[in-house]
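Participant: Dropping in coords.cif, with mmCIF, C-alpha atoms.
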data_final
loop_
_atom_site.group_PDB
_atom_site.id
_atom_site.type_symbol
_atom_site.label_atom_id
_atom_site.label_comp_id
_atom_site.auth_asym_id
_atom_site.auth_seq_id
_atom_site.Cartn_x
_atom_site.Cartn_y
_atom_site.Cartn_z
ATOM 1 C CA MET A 1 -44.438 -131.080 32.329
ATOM 2 C CA LEU A 2 -46.638 -133.533 34.210
ATOM 3 C CA LYS A 3 -49.886 -134.212 32.377
ATOM 4 C CA LYS A 4 -52.927 -133.501 34.486
ATOM 5 C CA LYS A 5 -55.634 -136.111 34.805
ATOM 6 C CA THR A 6 -59.350 -135.517 34.981
ATOM 7 C CA THR A 7 -62.143 -137.048 37.018
ATOM 8 C CA ASN A 8 -65.933 -137.021 36.813
ATOM 9 C CA ARG A 9 -66.448 -137.747 40.501
ATOM 10 C CA LYS A 10 -65.550 -136.047 43.740
ATOM 11 C CA PHE A 11 -62.884 -137.672 45.883
ATOM 12 C CA TYR A 12 -64.582 -139.160 48.946
ATOM 13 C CA GLY A 13 -67.741 -137.459 47.718
ATOM 14 C CA LYS A 14 -66.359 -134.084 48.780
ATOM 15 C CA TRP A 15 -63.167 -132.908 47.063
ATOM 16 C CA LEU A 16 -62.817 -131.664 43.477
ATOM 17 C CA TYR A 17 -59.021 -131.533 43.220
ATOM 18 C CA LYS A 18 -56.239 -133.892 44.212
ATOM 19 C CA VAL A 19 -52.447 -133.538 44.097
ATOM 20 C CA THR A 20 -50.155 -136.430 44.988
ATOM 21 C CA LEU A 21 -46.639 -135.620 46.180
ATOM 22 C CA LYS A 22 -43.856 -138.175 46.513
ATOM 23 C CA VAL A 23 -41.926 -137.401 49.686
ATOM 24 C CA SER A 24 -39.989 -140.171 51.386
ATOM 25 C CA GLY A 25 -40.476 -139.977 55.159
ATOM 26 C CA ILE A 26 -43.716 -137.985 54.926
ATOM 27 C CA THR A 27 -45.430 -140.629 57.073
ATOM 28 C CA ILE A 28 -44.215 -138.587 60.056
ATOM 29 C CA LEU A 29 -47.214 -136.327 59.345
ATOM 30 C CA ARG A 30 -49.555 -139.122 60.399
ATOM 31 C CA THR A 31 -48.773 -138.527 64.053
ATOM 32 C CA LYS A 32 -47.486 -134.937 64.166
ATOM 33 C CA SER A 33 -48.815 -131.549 63.151
ATOM 34 C CA LEU A 34 -47.047 -129.415 60.548
ATOM 35 C CA GLU A 35 -45.457 -127.253 63.244
ATOM 36 C CA SER A 36 -44.463 -130.277 65.307
ATOM 37 C CA VAL A 37 -42.740 -131.933 62.336
ATOM 38 C CA ILE A 38 -40.626 -128.836 61.704
ATOM 39 C CA ASP A 39 -39.727 -128.549 65.391
ATOM 40 C CA TYR A 40 -38.907 -132.259 65.581
ATOM 41 C CA ILE A 41 -36.614 -132.126 62.540
ATOM 42 C CA GLU A 42 -34.838 -128.982 63.729
ATOM 43 C CA ASN A 43 -34.478 -129.814 67.403
ATOM 44 C CA HIS A 44 -35.217 -133.425 68.249
ATOM 45 C CA LEU A 45 -34.450 -135.709 65.313
ATOM 46 C CA PRO A 46 -31.797 -138.174 66.577
ATOM 47 C CA TYR A 47 -28.571 -138.705 64.678
ATOM 48 C CA SER A 48 -28.277 -142.339 65.717
ATOM 49 C CA THR A 49 -28.222 -144.979 63.001
ATOM 50 C CA HIS A 50 -31.574 -146.375 61.923
ATOM 51 C CA PRO A 51 -32.329 -149.159 59.419
ATOM 52 C CA THR A 52 -32.604 -147.718 55.908
ATOM 53 C CA HIS A 53 -36.246 -148.790 55.689
ATOM 54 C CA SER A 54 -37.242 -147.058 58.925
ATOM 55 C CA MET A 55 -39.215 -143.828 59.023
ATOM 56 C CA MET A 56 -36.527 -142.042 61.028
ATOM 57 C CA HIS A 57 -33.898 -142.848 58.412
ATOM 58 C CA LYS A 58 -36.187 -141.547 55.660
ATOM 59 C CA VAL A 59 -36.973 -138.385 57.612
ATOM 60 C CA ARG A 60 -33.297 -137.709 58.250
ATOM 61 C CA ALA A 61 -32.441 -138.319 54.589
ATOM 62 C CA ASN A 62 -35.235 -136.056 53.330
ATOM 63 C CA GLU A 63 -35.587 -133.512 56.120
ATOM 64 C CA ARG A 64 -35.204 -130.478 53.849
ATOM 65 C CA THR A 65 -37.965 -131.665 51.505
ATOM 66 C CA ILE A 66 -40.307 -132.579 54.357
ATOM 67 C CA LYS A 67 -39.770 -129.154 55.976
ATOM 68 C CA ARG A 68 -40.385 -127.503 52.617
ATOM 69 C CA VAL A 69 -43.756 -129.235 52.248
ATOM 70 C CA CYS A 70 -44.734 -128.405 55.836
ATOM 71 C CA ASN A 71 -43.698 -124.775 55.536
ATOM 72 C CA PHE A 72 -45.706 -124.393 52.346
ATOM 73 C CA LEU A 73 -48.825 -125.962 53.857
ATOM 74 C CA LEU A 74 -48.497 -123.668 56.862
ATOM 75 C CA THR A 75 -49.007 -120.698 54.517
ATOM 76 C CA THR A 76 -52.423 -122.058 53.495
ATOM 77 C CA ASP A 77 -55.793 -122.149 55.229
ATOM 78 C CA ILE A 78 -55.831 -125.617 56.803
ATOM 79 C CA THR A 79 -59.616 -125.732 56.503
ATOM 80 C CA GLU A 80 -59.270 -125.592 52.703
ATOM 81 C CA TRP A 81 -57.672 -128.999 52.278
ATOM 82 C CA ALA A 82 -57.339 -132.524 53.624
ATOM 83 C CA LYS A 83 -54.521 -135.037 53.415
ATOM 84 C CA ARG A 84 -54.082 -138.781 53.036
ATOM 85 C CA ILE A 85 -50.690 -140.399 53.537
ATOM 86 C CA GLU A 86 -49.735 -143.692 51.959
ATOM 87 C CA SER A 87 -46.150 -145.028 52.159
ATOM 88 C CA ASN A 88 -43.912 -142.306 50.653
ATOM 89 C CA SER A 89 -46.755 -140.249 49.194
ATOM 90 C CA ILE A 90 -49.118 -137.596 50.457
ATOM 91 C CA ASP A 91 -52.410 -136.849 48.708
ATOM 92 C CA ILE A 92 -53.763 -133.337 49.186
ATOM 93 C CA TYR A 93 -57.448 -132.768 48.442
ATOM 94 C CA THR A 94 -59.080 -129.377 48.016
ATOM 95 C CA ASN A 95 -61.997 -127.541 46.426
ATOM 96 C CA ASN A 96 -59.947 -124.387 46.060
ATOM 97 C CA LYS A 97 -58.742 -124.189 42.468
ATOM 98 C CA LEU A 98 -56.140 -121.518 43.254
ATOM 99 C CA LEU A 99 -54.669 -123.640 46.049
ATOM 100 C CA TYR A 100 -54.610 -126.646 43.718
ATOM 101 C CA LYS A 101 -52.614 -124.631 41.182
ATOM 102 C CA GLN A 102 -50.254 -123.307 43.858
ATOM 103 C CA ILE A 103 -49.476 -126.791 45.137
ATOM 104 C CA SER A 104 -48.945 -128.061 41.590
ATOM 105 C CA GLU A 105 -46.589 -125.211 40.738
ATOM 106 C CA VAL A 106 -44.696 -124.496 43.969
ATOM 107 C CA LEU A 107 -44.057 -128.197 44.670
ATOM 108 C CA SER A 108 -43.968 -129.268 41.022
ATOM 109 C CA ASP A 109 -40.774 -131.320 41.411
ATOM 110 C CA LEU A 110 -42.543 -133.521 43.983
ATOM 111 C CA VAL A 111 -45.830 -133.960 42.103
ATOM 112 C CA VAL A 112 -46.616 -137.399 40.658
ATOM 113 C CA HIS A 113 -50.355 -136.969 40.012
ATOM 114 C CA CYS A 114 -52.746 -134.046 39.502
ATOM 115 C CA TYR A 115 -56.493 -134.561 39.214
ATOM 116 C CA GLU A 116 -59.069 -131.924 38.362
ATOM 117 C CA PRO A 117 -62.747 -132.035 37.345
ATOM 118 C CA ALA A 118 -63.496 -132.962 33.748
ATOM 119 C CA ASN A 119 -67.092 -131.855 33.997
ATOM 120 C CA ASP A 120 -67.683 -128.095 33.911
ATOM 121 C CA MET A 121 -70.734 -128.384 36.134
ATOM 122 C CA LEU A 122 -68.733 -130.348 38.675
ATOM 123 C CA ALA A 123 -65.911 -127.819 38.558
ATOM 124 C CA ASN A 124 -68.341 -124.975 39.203
ATOM 125 C CA GLU A 125 -70.038 -126.716 42.100
ATOM 126 C CA SER A 126 -69.176 -125.002 45.347
ATOM 127 C CA GLN A 127 -68.554 -126.722 48.641
ATOM 128 C CA TYR A 128 -69.963 -123.550 50.154
ATOM 129 C CA THR A 129 -73.477 -124.128 48.859
ATOM 130 C CA ILE A 130 -76.250 -125.223 51.206
ATOM 131 C CA ILE A 131 -79.282 -126.755 49.516
ATOM 132 C CA THR A 132 -82.459 -125.961 51.419
ATOM 133 C CA LYS A 133 -86.249 -125.902 50.992
ATOM 134 C CA LYS A 134 -86.487 -122.368 52.365
ATOM 135 C CA LEU A 135 -84.122 -119.575 53.370
ATOM 136 C CA PRO A 136 -83.361 -119.006 57.073
ATOM 137 C CA HIS A 137 -86.171 -116.823 58.424
ATOM 138 C CA ASN A 138 -87.424 -116.759 54.801
ATOM 139 C CA LEU A 139 -84.978 -113.938 54.139
ATOM 140 C CA TYR A 140 -81.261 -114.653 54.474
ATOM 141 C CA ARG A 141 -79.301 -115.999 51.520
ATOM 142 C CA TYR A 142 -75.867 -116.148 53.152
ATOM 143 C CA LYS A 143 -74.399 -117.689 56.274
ATOM 144 C CA VAL A 144 -71.188 -115.835 57.165
ATOM 145 C CA TYR A 145 -68.683 -117.062 59.730
ATOM 146 C CA LEU A 146 -66.849 -114.440 61.772
ATOM 147 C CA ARG A 147 -63.164 -114.329 62.726
ATOM 148 C CA PRO A 148 -62.735 -112.322 65.945
ATOM 149 C CA HIS A 149 -59.143 -113.562 66.308
ATOM 150 C CA LYS A 150 -58.174 -111.356 63.372
ATOM 151 C CA LEU A 151 -58.920 -108.363 65.615
ATOM 152 C CA ALA A 152 -57.407 -109.889 68.735
ATOM 153 C CA ARG A 153 -56.820 -107.440 71.591
ATOM 154 C CA ASP A 154 -58.419 -104.596 69.626
ATOM 155 C CA LYS A 155 -61.706 -104.210 71.496
ATOM 156 C CA THR A 156 -62.372 -100.816 69.931
ATOM 157 C CA ALA A 157 -62.282 -102.239 66.401
ATOM 158 C CA LYS A 158 -64.458 -105.162 67.478
ATOM 159 C CA THR A 159 -67.023 -102.906 69.139
ATOM 160 C CA GLU A 160 -67.195 -100.605 66.104
ATOM 161 C CA PHE A 161 -67.636 -103.578 63.770
ATOM 162 C CA ILE A 162 -70.477 -105.002 65.854
ATOM 163 C CA ALA A 163 -72.099 -101.555 66.077
ATOM 164 C CA TRP A 164 -71.991 -101.258 62.282
ATOM 165 C CA ILE A 165 -73.589 -104.695 61.859
ATOM 166 C CA THR A 166 -76.315 -103.810 64.359
ATOM 167 C CA ALA A 167 -77.052 -100.598 62.446
ATOM 168 C CA GLN A 168 -77.894 -102.665 59.355
ATOM 169 C CA ASN A 169 -81.083 -103.749 61.140
ATOM 170 C CA ASN A 170 -82.633 -106.841 59.574
ATOM 171 C CA LYS A 171 -80.200 -106.957 56.667
ATOM 172 C CA ILE A 172 -77.785 -108.851 58.936
ATOM 173 C CA LEU A 173 -79.066 -111.113 61.685
ATOM 174 C CA LEU A 174 -76.725 -111.125 64.691
ATOM 175 C CA SER A 175 -77.703 -112.654 68.019
ATOM 176 C CA ASP A 176 -76.764 -111.109 71.368
ATOM 177 C CA SER A 177 -74.683 -114.167 72.259
ATOM 178 C CA VAL A 178 -72.627 -113.844 69.062
ATOM 179 C CA LYS A 179 -72.122 -110.124 69.756
ATOM 180 C CA ALA A 180 -70.661 -110.904 73.191
ATOM 181 C CA TRP A 181 -68.606 -113.796 71.811
ATOM 182 C CA PHE A 182 -67.092 -111.672 69.044
ATOM 183 C CA ILE A 183 -65.998 -108.891 71.392
ATOM 184 C CA THR A 184 -64.521 -111.176 74.075
ATOM 185 C CA THR A 185 -62.949 -113.893 71.902
ATOM 186 C CA ASP A 186 -59.331 -113.650 70.725
ATOM 187 C CA TRP A 187 -58.672 -117.257 69.766
ATOM 188 C CA ASN A 188 -59.311 -119.210 66.591
ATOM 189 C CA TRP A 189 -61.277 -122.353 67.282
ATOM 190 C CA ASP A 190 -64.922 -121.524 67.944
ATOM 191 C CA ARG A 191 -67.065 -121.016 64.834
ATOM 192 C CA ARG A 192 -70.068 -118.678 64.949
ATOM 193 C CA TYR A 193 -71.895 -116.841 62.241
ATOM 194 C CA VAL A 194 -74.370 -114.201 61.127
ATOM 195 C CA PHE A 195 -77.055 -114.364 58.441
ATOM 196 C CA VAL A 196 -76.881 -111.869 55.551
ATOM 197 C CA ASP A 197 -79.845 -111.072 53.321
ATOM 198 C CA ASN A 198 -78.285 -110.542 49.892
ATOM 199 C CA GLU A 199 -75.123 -110.098 47.836
ATOM 200 C CA GLN A 200 -75.032 -106.324 48.179
ATOM 201 C CA THR A 201 -75.126 -106.466 51.983
ATOM 202 C CA LEU A 202 -72.477 -109.196 51.918
ATOM 203 C CA LEU A 203 -70.215 -106.951 49.849
ATOM 204 C CA LEU A 204 -70.690 -104.076 52.301
ATOM 205 C CA LEU A 205 -69.856 -106.409 55.193
ATOM 206 C CA LYS A 206 -66.609 -107.456 53.516
ATOM 207 C CA ILE A 207 -65.712 -103.858 52.708
ATOM 208 C CA ARG A 208 -66.373 -102.825 56.316
ATOM 209 C CA ASN A 209 -63.865 -105.366 57.661
ATOM 210 C CA SER A 210 -62.664 -108.140 55.365
ATOM 211 C CA ASP A 211 -60.326 -109.576 58.010
ATOM 212 C CA ALA A 212 -63.215 -110.363 60.333
ATOM 213 C CA VAL A 213 -65.217 -112.141 57.632
ATOM 214 C CA GLY A 214 -64.541 -115.850 57.266
ATOM 215 C CA LYS A 215 -66.159 -118.515 55.109
ATOM 216 C CA VAL A 216 -69.393 -117.647 53.361
ATOM 217 C CA TYR A 217 -72.067 -120.240 52.606
ATOM 218 C CA GLU A 218 -74.869 -119.530 50.133
ATOM 219 C CA TYR A 219 -78.324 -121.046 50.551
ATOM 220 C CA LYS A 220 -79.958 -122.285 47.379
ATOM 221 C CA ILE A 221 -83.590 -123.302 47.192
ATOM 222 C CA SER A 222 -84.203 -126.852 46.030
ATOM 223 C CA ASP A 223 -87.335 -127.554 44.032
ATOM 224 C CA LYS A 224 -87.059 -131.287 44.681
#
Please render this file's structure as structure tokens.

Facilitator:
Amino acid sequence: MLKKKTTNRKFYGKWLYKVTLKVSGITILRTKSLESVIDYIENHLPYSTHPTHSMMHKVRANERTIKRVCNFLLTTDITEWAKRIESNSIDIYTNNKLLYKQISEVLSDLVVHCYEPANDMLANESQYTIITKKLPHNLYRYKVYLRPHKLARDKTAKTEFIAWITAQNNKILLSDSVKAWFITTDWNWDRRYVFVDNEQTLLLLKIRNSDAVGKVYEYKISDK
């Protein structure tokens, strides 16, 4: 079993975990999306002879492995990780410990390096923490992003969800513009949020409709 390595610093000042996979031909991901790579391999990859050192030769020789990596990454939340490609290797960075373990285990035969925090305090540090001198409106501890696309084309469910939030009064701060956006938006690219006062209200919000609740950021007061 590959021995994991530890680090006392974040990668690029942001990421806690890093997994390096050796995949010849993976440089194709520099210019194409995950979906585009799969489509290219299945439908457009030429069979003509290429020099053995060329990317196309490497992609053709390793198409099953490249598709396997792409298909796996497509099952993840693309906002939870970042990649860096160097020669025949791809580095995947994340702050999600579960995702780090999944990559290490599911693609274990491709893994050449695994890095995780050595410092417990570093490991417990959340990328979803916002350090501030005071809470928004001196009240709200959480910033919660909404996902209207998860209720796409179900205006009734959207309207009921917004009505429930509104009924919470000042426990959840929701602007009129975000209300209209949530009900009319069915795509996944715009990011808008509500403010939530405490952990109990946040739990109720998730129970009411977990699909519509996206990333949650917690405000923490700095005394510096």

Participant: Can you tell me, as a list in words, what residues are no more than 7 Å from segment 25-29 of chain A when counting all atoms listed in the file, ignoring any on the same chain fewer than 6 positions away?

Facilitator: Val37, Met55, Lys58, Val59, Asn62, Ile66, Ile85, Ser87, Asn88 and Ser89 of chain A

Participant: Just say which residues the PyMOL selection byres ((chain A and resi 161) around 10) picks in this file, as a count of residues only.

Facilitator: 19

Participant: Can you work out the spacing between atom CA of Pro46 of chain A and atom CA of Ser33 of chain A in Å, to one decimal?

Facilitator: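 Taking atom CA of Pro46 of chain A and atom CA of Ser33 of chain A, their separation equals 18.6 Å.
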
Participant: Quick one: axis-aligned box around all listed atoms of segment 165-179 of chain A, 8 Å on every side, centre and edge lengths in Å to one decimal, written as lines of an AutoDock Vina configuration file.

Facilitator:
center_x = -77.4
center_y = -107.4
center_z = 64.5
size_x = 26.5
size_y = 29.6
size_z = 31.6

Participant: My list of candidates is A:Leu146, A:Ile130, A:Leu135, A:Leu98. Which is closest to Glu116 of chain A when distances are computed with all atoms listed in the file?

Facilitator: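 Using all atoms listed in the file, Glu116 of chain A sits closest to A:Leu98.
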
Participant: Just so the selection is clear, what residues does the PyMOL selection byres ((chain A and resi 82) around 10) cover here, as a PyMOL selection string?

Facilitator: chain A and resi 15+18+78-81+83-84+91-95

Participant: Residues as selected, C-alpha atoms, written as a tab-separated table (two decimals), in the coordinates of the input, can you do that?

Facilitator:
chain	number	residue	atom	x	y	z
A	15	TRP	CA	-63.17	-132.91	47.06
A	18	LYS	CA	-56.24	-133.89	44.21
A	78	ILE	CA	-55.83	-125.62	56.80
A	79	THR	CA	-59.62	-125.73	56.50
A	80	GLU	CA	-59.27	-125.59	52.70
A	81	TRP	CA	-57.67	-129.00	52.28
A	83	LYS	CA	-54.52	-135.04	53.42
A	84	ARG	CA	-54.08	-138.78	53.04
A	91	ASP	CA	-52.41	-136.85	48.71
A	92	ILE	CA	-53.76	-133.34	49.19
A	93	TYR	CA	-57.45	-132.77	48.44
A	94	THR	CA	-59.08	-129.38	48.02
A	95	ASN	CA	-62.00	-127.54	46.43

Participant: Just the number, please: distance in Å from atom CA of Lys5 of chain A to atom CA of Cys70 of chain A, one decimal.

Facilitator: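 Atom CA of Lys5 of chain A sits 24.9 Å away from atom CA of Cys70 of chain A.
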
Participant: One number please: atom CA of Ile172 of chain A to atom CA of Asp197 of chain A, in Å, one decimal.

Facilitator: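 Separation between atom CA of Ile172 of chain A and atom CA of Asp197 of chain A: 6.4 Å.
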
Participant: Select, from A:Glu42, A:Asp176, A:Glu218, A:Glu35, the residue with the minimum atom-to-atom distance to Thr129 of chain A, counting only C-alpha atoms.

Facilitator: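 Using only C-alpha atoms, the shortest distance to Thr129 of chain A belongs to A:Glu218.
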
Participant: Find the residues around Tyr219 of chain A up to 10 Å (all atoms listed in the file counted), leave out those fewer than 4 positions away in its own chain, and share them as a list of chain:residue names.

Facilitator: A:Tyr128, A:Thr129, A:Ile130, A:Ile131, A:Thr132, A:Lys133, A:Lys134, A:Leu135, A:Pro136, A:Tyr140, A:Arg141, A:Tyr142, A:Lys143

Participant: Nearest to Asn138 of chain A among A:Phe195, A:Tyr17, A:Trp189, A:Tyr115, with distances taken over only C-alpha atoms: which residue is it?

Facilitator: A:Phe195

Participant: Taking all atoms listed in the file into account, name the residue in A:Leu16, A:Lys215, A:Val69, A:Ile41 that is nearest to Val111 of chain A.

Facilitator: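 Using all atoms listed in the file, Val111 of chain A sits closest to A:Val69.
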
Participant: Taking only C-alpha atoms into account, name the residue in A:Asp77, A:Asp109, A:Glu86, A:Asp154 that is nearest to Thr184 of chain A.

Facilitator: A:Asp154

Participant: Show me, as a list in words, the residues that have an atom within 12 Å of Glu105 of chain A when counting all atoms listed in the file, minus same-chain residues fewer than 2 positions from it.

Facilitator: Met1, Leu2, Val19, Leu21, Phe72, Leu98, Leu99, Tyr100, Lys101, Gln102, Ile103, Leu107, Ser108, Asp109, Leu110, Val111 and Cys114 of chain A

Participant: Return the single residue from A:Asn96, A:Asn188, A:Ser104, A:Thr65 that is closest to Lys14 of chain A, with distances computed using only C-alpha atoms.

Facilitator: A:Asn96

Participant: Determine, counting all atoms listed in the file, which protein, DNA and RNA residues have an atom within 8 Å of an atom of Lys171 of chain A; residues of the same chain fewer than 4 positions away are not included. Present the result as a PyMOL selection string.

Facilitator: chain A and resi 196-198+201

Participant: Put those residues in a file: C-alpha atoms, as a compact mmCIF listing (two decimals), keeping the file's coordinate frame.

Facilitator:
# COMPACT_ATOMS: atom_id res chain seq x y z
CA VAL A 196 -76.88 -111.87 55.55
CA ASP A 197 -79.84 -111.07 53.32
CA ASN A 198 -78.28 -110.54 49.89
CA THR A 201 -75.13 -106.47 51.98

Participant: Any chance you could work out the residue set of the PyMOL selection byres ((chain A and resi 193) around 9) here, as a ChimeraX atom specification?

Facilitator: /A:143-146,174,178,191-192,194-195,214

Participant: Missing atoms in segment 14-35 of chain A need filling: write out N, CA and C atoms for it as an mmCIF file, in the frame of the given file.

Facilitator:
data_model
loop_
_atom_site.group_PDB
_atom_site.id
_atom_site.type_symbol
_atom_site.label_atom_id
_atom_site.label_comp_id
_atom_site.auth_asym_id
_atom_site.auth_seq_id
_atom_site.Cartn_x
_atom_site.Cartn_y
_atom_site.Cartn_z
ATOM 1 N N LYS A 14 -66.489 -135.448 48.246
ATOM 2 C CA LYS A 14 -66.359 -134.084 48.780
ATOM 3 C C LYS A 14 -65.399 -133.207 48.001
ATOM 4 N N TRP A 15 -64.250 -133.746 47.579
ATOM 5 C CA TRP A 15 -63.167 -132.908 47.063
ATOM 6 C C TRP A 15 -63.097 -132.943 45.540
ATOM 7 N N LEU A 16 -62.892 -131.776 44.924
ATOM 8 C CA LEU A 16 -62.817 -131.664 43.477
ATOM 9 C C LEU A 16 -61.412 -131.882 42.932
ATOM 10 N N TYR A 17 -60.403 -131.501 43.705
ATOM 11 C CA TYR A 17 -59.021 -131.533 43.220
ATOM 12 C C TYR A 17 -58.148 -132.416 44.113
ATOM 13 N N LYS A 18 -57.166 -133.042 43.472
ATOM 14 C CA LYS A 18 -56.239 -133.892 44.212
ATOM 15 C C LYS A 18 -54.839 -133.743 43.621
ATOM 16 N N VAL A 19 -53.858 -133.569 44.502
ATOM 17 C CA VAL A 19 -52.447 -133.538 44.097
ATOM 18 C C VAL A 19 -51.698 -134.569 44.938
ATOM 19 N N THR A 20 -50.958 -135.426 44.287
ATOM 20 C CA THR A 20 -50.155 -136.430 44.988
ATOM 21 C C THR A 20 -48.684 -136.040 44.922
ATOM 22 N N LEU A 21 -48.056 -135.944 46.093
ATOM 23 C CA LEU A 21 -46.639 -135.620 46.180
ATOM 24 C C LEU A 21 -45.866 -136.845 46.655
ATOM 25 N N LYS A 22 -44.723 -137.090 46.057
ATOM 26 C CA LYS A 22 -43.856 -138.175 46.513
ATOM 27 C C LYS A 22 -42.782 -137.584 47.415
ATOM 28 N N VAL A 23 -42.856 -137.940 48.697
ATOM 29 C CA VAL A 23 -41.926 -137.401 49.686
ATOM 30 C C VAL A 23 -41.566 -138.524 50.657
ATOM 31 N N SER A 24 -40.404 -139.090 50.500
ATOM 32 C CA SER A 24 -39.989 -140.171 51.386
ATOM 33 C C SER A 24 -39.877 -139.660 52.822
ATOM 34 N N GLY A 25 -40.501 -140.377 53.758
ATOM 35 C CA GLY A 25 -40.476 -139.977 55.159
ATOM 36 C C GLY A 25 -41.676 -139.141 55.572
ATOM 37 N N ILE A 26 -42.579 -138.850 54.630
ATOM 38 C CA ILE A 26 -43.716 -137.985 54.926
ATOM 39 C C ILE A 26 -44.705 -138.652 55.886
ATOM 40 N N THR A 27 -44.548 -139.937 56.128
ATOM 41 C CA THR A 27 -45.430 -140.629 57.073
ATOM 42 C C THR A 27 -45.344 -140.034 58.478
ATOM 43 N N ILE A 28 -44.322 -139.241 58.753
ATOM 44 C CA ILE A 28 -44.215 -138.587 60.056
ATOM 45 C C ILE A 28 -45.409 -137.659 60.302
ATOM 46 N N LEU A 29 -46.057 -137.209 59.219
ATOM 47 C CA LEU A 29 -47.214 -136.327 59.345
ATOM 48 C C LEU A 29 -48.470 -137.059 59.807
ATOM 49 N N ARG A 30 -48.405 -138.372 59.893
ATOM 50 C CA ARG A 30 -49.555 -139.122 60.399
ATOM 51 C C ARG A 30 -49.767 -138.871 61.884
ATOM 52 N N THR A 31 -48.689 -138.637 62.592
ATOM 53 C CA THR A 31 -48.773 -138.527 64.053
ATOM 54 C C THR A 31 -48.387 -137.156 64.585
ATOM 55 N N LYS A 32 -47.912 -136.254 63.719
ATOM 56 C CA LYS A 32 -47.486 -134.937 64.166
ATOM 57 C C LYS A 32 -48.104 -133.854 63.302
ATOM 58 N N SER A 33 -48.316 -132.694 63.896
ATOM 59 C CA SER A 33 -48.815 -131.549 63.151
ATOM 60 C C SER A 33 -47.693 -130.969 62.293
ATOM 61 N N LEU A 34 -48.048 -130.054 61.403
ATOM 62 C CA LEU A 34 -47.047 -129.415 60.548
ATOM 63 C C LEU A 34 -45.979 -128.721 61.380
ATOM 64 N N GLU A 35 -46.409 -127.962 62.382
ATOM 65 C CA GLU A 35 -45.457 -127.253 63.244
ATOM 66 C C GLU A 35 -44.582 -128.224 64.025
#
